[in-house]
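Source file: start27.tsv; contents: TSV, C-alpha atoms.
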chain	number	residue	atom	x	y	z
X	1	MET	CA	42.41	3.62	-1.84
X	2	LYS	CA	38.87	4.85	-1.66
X	3	LYS	CA	36.47	2.63	0.27
X	4	ASN	CA	33.84	3.29	-2.41
X	5	LEU	CA	35.97	1.52	-5.02
X	6	LYS	CA	36.47	-1.52	-2.79
X	7	HIS	CA	32.76	-1.54	-1.96
X	8	MET	CA	31.74	-1.26	-5.63
X	9	VAL	CA	34.06	-4.13	-6.61
X	10	GLU	CA	32.73	-6.34	-3.80
X	11	TYR	CA	29.13	-5.46	-4.68
X	12	THR	CA	29.64	-6.16	-8.38
X	13	ASP	CA	31.30	-9.51	-7.69
X	14	ALA	CA	28.63	-10.54	-5.18
X	15	SER	CA	25.87	-9.62	-7.62
X	16	LYS	CA	27.38	-11.96	-10.22
X	17	LYS	CA	27.22	-14.91	-7.78
X	18	VAL	CA	24.00	-16.91	-7.94
X	19	ASN	CA	24.95	-19.13	-5.01
X	20	PRO	CA	27.03	-17.63	-2.15
X	21	LEU	CA	28.98	-20.90	-1.92
X	22	ASP	CA	29.87	-20.74	-5.63
X	23	LEU	CA	33.65	-20.75	-5.99
X	24	SER	CA	33.56	-19.59	-9.61
X	25	SER	CA	33.19	-15.88	-8.87
X	26	ASP	CA	35.63	-13.45	-10.39
X	27	GLN	CA	37.28	-12.80	-7.03
X	28	ASP	CA	37.88	-16.51	-6.56
X	29	LEU	CA	39.20	-16.76	-10.10
X	30	THR	CA	41.63	-13.91	-9.48
X	31	ILE	CA	43.16	-15.84	-6.56
X	32	ALA	CA	43.85	-18.69	-8.99
X	33	LEU	CA	45.24	-16.17	-11.49
X	34	MET	CA	47.57	-14.74	-8.85
X	35	ASN	CA	48.89	-18.23	-8.12
X	36	LEU	CA	49.47	-18.81	-11.83
X	37	VAL	CA	51.25	-15.44	-12.11
X	38	ALA	CA	53.53	-16.44	-9.22
X	39	ILE	CA	54.41	-19.73	-10.95
X	40	GLU	CA	54.86	-17.98	-14.29
X	41	GLU	CA	57.26	-15.43	-12.81
X	42	ILE	CA	59.46	-18.17	-11.33
X	43	ALA	CA	60.17	-19.75	-14.72
X	44	PRO	CA	58.96	-17.33	-17.43
X	45	ASN	CA	61.02	-18.83	-20.25
X	46	GLY	CA	60.71	-22.50	-19.40
X	47	GLN	CA	58.16	-24.95	-20.73
X	48	ILE	CA	56.17	-24.89	-17.49
X	49	GLY	CA	56.18	-21.09	-17.46
X	50	ARG	CA	54.82	-20.99	-21.00
X	51	MET	CA	52.14	-23.59	-20.21
X	52	VAL	CA	51.09	-21.71	-17.08
X	53	GLY	CA	51.06	-18.44	-19.03
X	54	GLU	CA	48.74	-19.92	-21.65
X	55	MET	CA	46.45	-21.22	-18.91
X	56	ARG	CA	46.45	-17.81	-17.21
X	57	GLU	CA	45.56	-16.09	-20.48
X	58	ARG	CA	42.63	-18.47	-21.07
X	59	LEU	CA	41.33	-17.85	-17.55
X	60	MET	CA	41.78	-14.09	-17.84
X	61	ALA	CA	39.81	-14.20	-21.09
X	62	ARG	CA	36.86	-15.55	-19.09
X	63	MET	CA	36.81	-12.23	-17.25
X	64	THR	CA	37.50	-9.83	-20.15
X	65	GLN	CA	38.18	-9.94	-23.87
X	66	ASP	CA	39.79	-6.47	-23.86
X	67	ALA	CA	43.48	-6.94	-24.69
X	68	GLU	CA	44.52	-3.74	-22.93
X	69	ILE	CA	42.77	-4.78	-19.72
X	70	MET	CA	44.41	-8.21	-19.96
X	71	VAL	CA	47.90	-6.67	-20.24
X	72	ARG	CA	47.28	-4.08	-17.54
X	73	GLY	CA	45.55	-6.75	-15.45
X	74	TYR	CA	48.55	-9.05	-15.65
X	75	GLU	CA	50.76	-6.20	-14.44
X	76	LEU	CA	48.42	-5.43	-11.52
X	77	LEU	CA	48.18	-9.09	-10.49
X	78	ALA	CA	51.95	-9.53	-10.80
X	79	GLN	CA	52.45	-6.44	-8.63
X	80	ALA	CA	50.00	-7.85	-6.07
X	81	VAL	CA	51.91	-11.16	-6.00
X	82	ARG	CA	55.33	-9.52	-5.64
X	83	THR	CA	54.10	-7.16	-2.93
X	84	MET	CA	52.47	-10.03	-1.06
X	85	ASP	CA	55.77	-11.94	-1.18
X	86	ASP	CA	57.57	-8.89	0.22
X	87	ALA	CA	54.93	-8.63	2.96
X	88	ALA	CA	55.35	-12.28	3.91
X	89	ARG	CA	59.13	-11.80	4.14
X	90	ALA	CA	58.72	-8.70	6.32
X	91	GLN	CA	56.30	-10.55	8.58
X	92	GLN	CA	58.67	-13.49	8.81
X	93	ASP	CA	61.44	-11.06	9.83
X	94	GLY	CA	59.16	-9.73	12.58
X	95	ASP	CA	58.45	-6.37	10.91
X	96	ASN	CA	54.67	-6.48	11.21
X	97	VAL	CA	54.15	-2.76	10.54
X	98	THR	CA	55.86	-2.98	7.15
X	99	ALA	CA	54.20	-6.33	6.45
X	100	TYR	CA	50.68	-4.98	6.94
X	101	LYS	CA	51.42	-1.90	4.83
X	102	LEU	CA	52.62	-4.21	2.06
X	103	TYR	CA	49.58	-6.49	2.44
X	104	ASP	CA	47.37	-3.40	2.04
X	105	ALA	CA	49.29	-2.38	-1.09
X	106	SER	CA	48.92	-5.89	-2.48
X	107	TYR	CA	45.17	-5.81	-1.85
X	108	GLU	CA	44.92	-2.43	-3.55
X	109	ALA	CA	46.55	-3.80	-6.72
X	110	TYR	CA	44.13	-6.74	-6.59
X	111	VAL	CA	41.11	-4.42	-6.22
X	112	LEU	CA	42.38	-2.23	-9.06
X	113	TYR	CA	42.54	-5.31	-11.28
X	114	LEU	CA	38.93	-6.20	-10.50
X	115	ALA	CA	37.85	-2.57	-10.95
X	116	SER	CA	39.43	-2.52	-14.40
X	117	VAL	CA	37.72	-5.78	-15.35
X	118	TYR	CA	34.37	-4.49	-14.10
X	119	GLU	CA	35.06	-1.10	-15.72
X	120	ILE	CA	34.51	0.72	-12.42
X	121	SER	CA	36.15	4.11	-12.04
X	122	ALA	CA	36.92	5.82	-8.75
Would you encode the structure as structure tokens?
Amino acid sequence: MKKNLKHMVEYTDASKKVNPLDLSSDQDLTIALMNLVAIEEIAPNGQIGRMVGEMRERLMARMTQDAEIMVRGYELLAQAVRTMDDAARAQQDGDNVTAYKLYDASYEAYVLYLASVYEISA
């Protein structure tokens, strides 16, 4: 992934923060969204999965109203979560090389989500 894209996403998010200690930035919100995606994927058809999905949709709507970005964004965040899980398993198995490659891939999906929300192109 191009460093410029990562830099532009970080710059855009930082510029939206009034207070550097503010935990309501978009990057912080995406961490919460990734946790909700992980819960939602465990039980997608159950009552909890539906409740978590509705909560995730409301929080995603705080970042964008564009339906296409919300759908694509969910897919990117879900990919980031799954890849991060794979990385954690690889690290637990002692395969640090694979783990760090997977962590990088997870971060790239995360940055692509933020880039799509901020409408930044590479």
Can you pull out the residues contacting Ser116 (chain X)? Cut-off 12 Å, using only C-alpha atoms, and skip same-chain residues under 4 positions away; I want them as JSON, numbers by chain. {"X": [5, 8, 9, 63, 64, 66, 67, 68, 69, 70, 71, 72, 73, 74, 75, 76, 77, 109, 110, 111, 112, 120, 121, 122]}
Go ahead and write the residues just picked, C-alpha atoms, as a compact mmCIF listing (two decimals), keeping the file's coordinate frame.
# COMPACT_ATOMS: atom_id res chain seq x y z
CA LEU X 5 35.97 1.52 -5.02
CA MET X 8 31.74 -1.26 -5.63
CA VAL X 9 34.06 -4.13 -6.61
CA MET X 63 36.81 -12.23 -17.25
CA THR X 64 37.50 -9.83 -20.15
CA ASP X 66 39.79 -6.47 -23.86
CA ALA X 67 43.48 -6.94 -24.69
CA GLU X 68 44.52 -3.74 -22.93
CA ILE X 69 42.77 -4.78 -19.72
CA MET X 70 44.41 -8.21 -19.96
CA VAL X 71 47.90 -6.67 -20.24
CA ARG X 72 47.28 -4.08 -17.54
CA GLY X 73 45.55 -6.75 -15.45
CA TYR X 74 48.55 -9.05 -15.65
CA GLU X 75 50.76 -6.20 -14.44
CA LEU X 76 48.42 -5.43 -11.52
CA LEU X 77 48.18 -9.09 -10.49
CA ALA X 109 46.55 -3.80 -6.72
CA TYR X 110 44.13 -6.74 -6.59
CA VAL X 111 41.11 -4.42 -6.22
CA LEU X 112 42.38 -2.23 -9.06
CA ILE X 120 34.51 0.72 -12.42
CA SER X 121 36.15 4.11 -12.04
CA ALA X 122 36.92 5.82 -8.75
Looking at X:Gln92, X:Glu119, X:Leu33, X:Gln79, which one is nearest to Arg58 (chain X), with distances taken over all atoms listed in the file?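 Checking each of X:Gln92, X:Glu119, X:Leu33, X:Gln79 against Arg58 (chain X), counting all atoms listed in the file, the winner is X:Leu33.
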Which residues, written as a CSV table (one decimal) with C-alpha atoms, in the frame of the given file, have at least one atom at most 6 Å from Tyr103 (chain X), with only C-alpha atoms counted and residues fewer than 2 positions away on the same chain left out?
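File out_20.csv, as written:
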chain,number,residue,atom,x,y,z
X,84,MET,CA,52.5,-10.0,-1.1
X,87,ALA,CA,54.9,-8.6,3.0
X,100,TYR,CA,50.7,-5.0,6.9
X,101,LYS,CA,51.4,-1.9,4.8
X,105,ALA,CA,49.3,-2.4,-1.1
X,106,SER,CA,48.9,-5.9,-2.5
Shell of 12 Å around region 42-48 of chain X, only C-alpha atoms, local chain residues under 5 positions omitted, as a ChimeraX atom specification: /X:35-37,53-55,78,81-82
Put those residues in a file: C-alpha atoms, as an mmCIF file, in the frame of the given file.
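Result written to selection.cif:
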data_model
loop_
_atom_site.group_PDB
_atom_site.id
_atom_site.type_symbol
_atom_site.label_atom_id
_atom_site.label_comp_id
_atom_site.auth_asym_id
_atom_site.auth_seq_id
_atom_site.Cartn_x
_atom_site.Cartn_y
_atom_site.Cartn_z
ATOM 1 C CA ASN X 35 48.890 -18.230 -8.120
ATOM 2 C CA LEU X 36 49.470 -18.810 -11.830
ATOM 3 C CA VAL X 37 51.250 -15.440 -12.110
ATOM 4 C CA GLY X 53 51.060 -18.440 -19.030
ATOM 5 C CA GLU X 54 48.740 -19.920 -21.650
ATOM 6 C CA MET X 55 46.450 -21.220 -18.910
ATOM 7 C CA ALA X 78 51.950 -9.530 -10.800
ATOM 8 C CA VAL X 81 51.910 -11.160 -6.000
ATOM 9 C CA ARG X 82 55.330 -9.520 -5.640
#
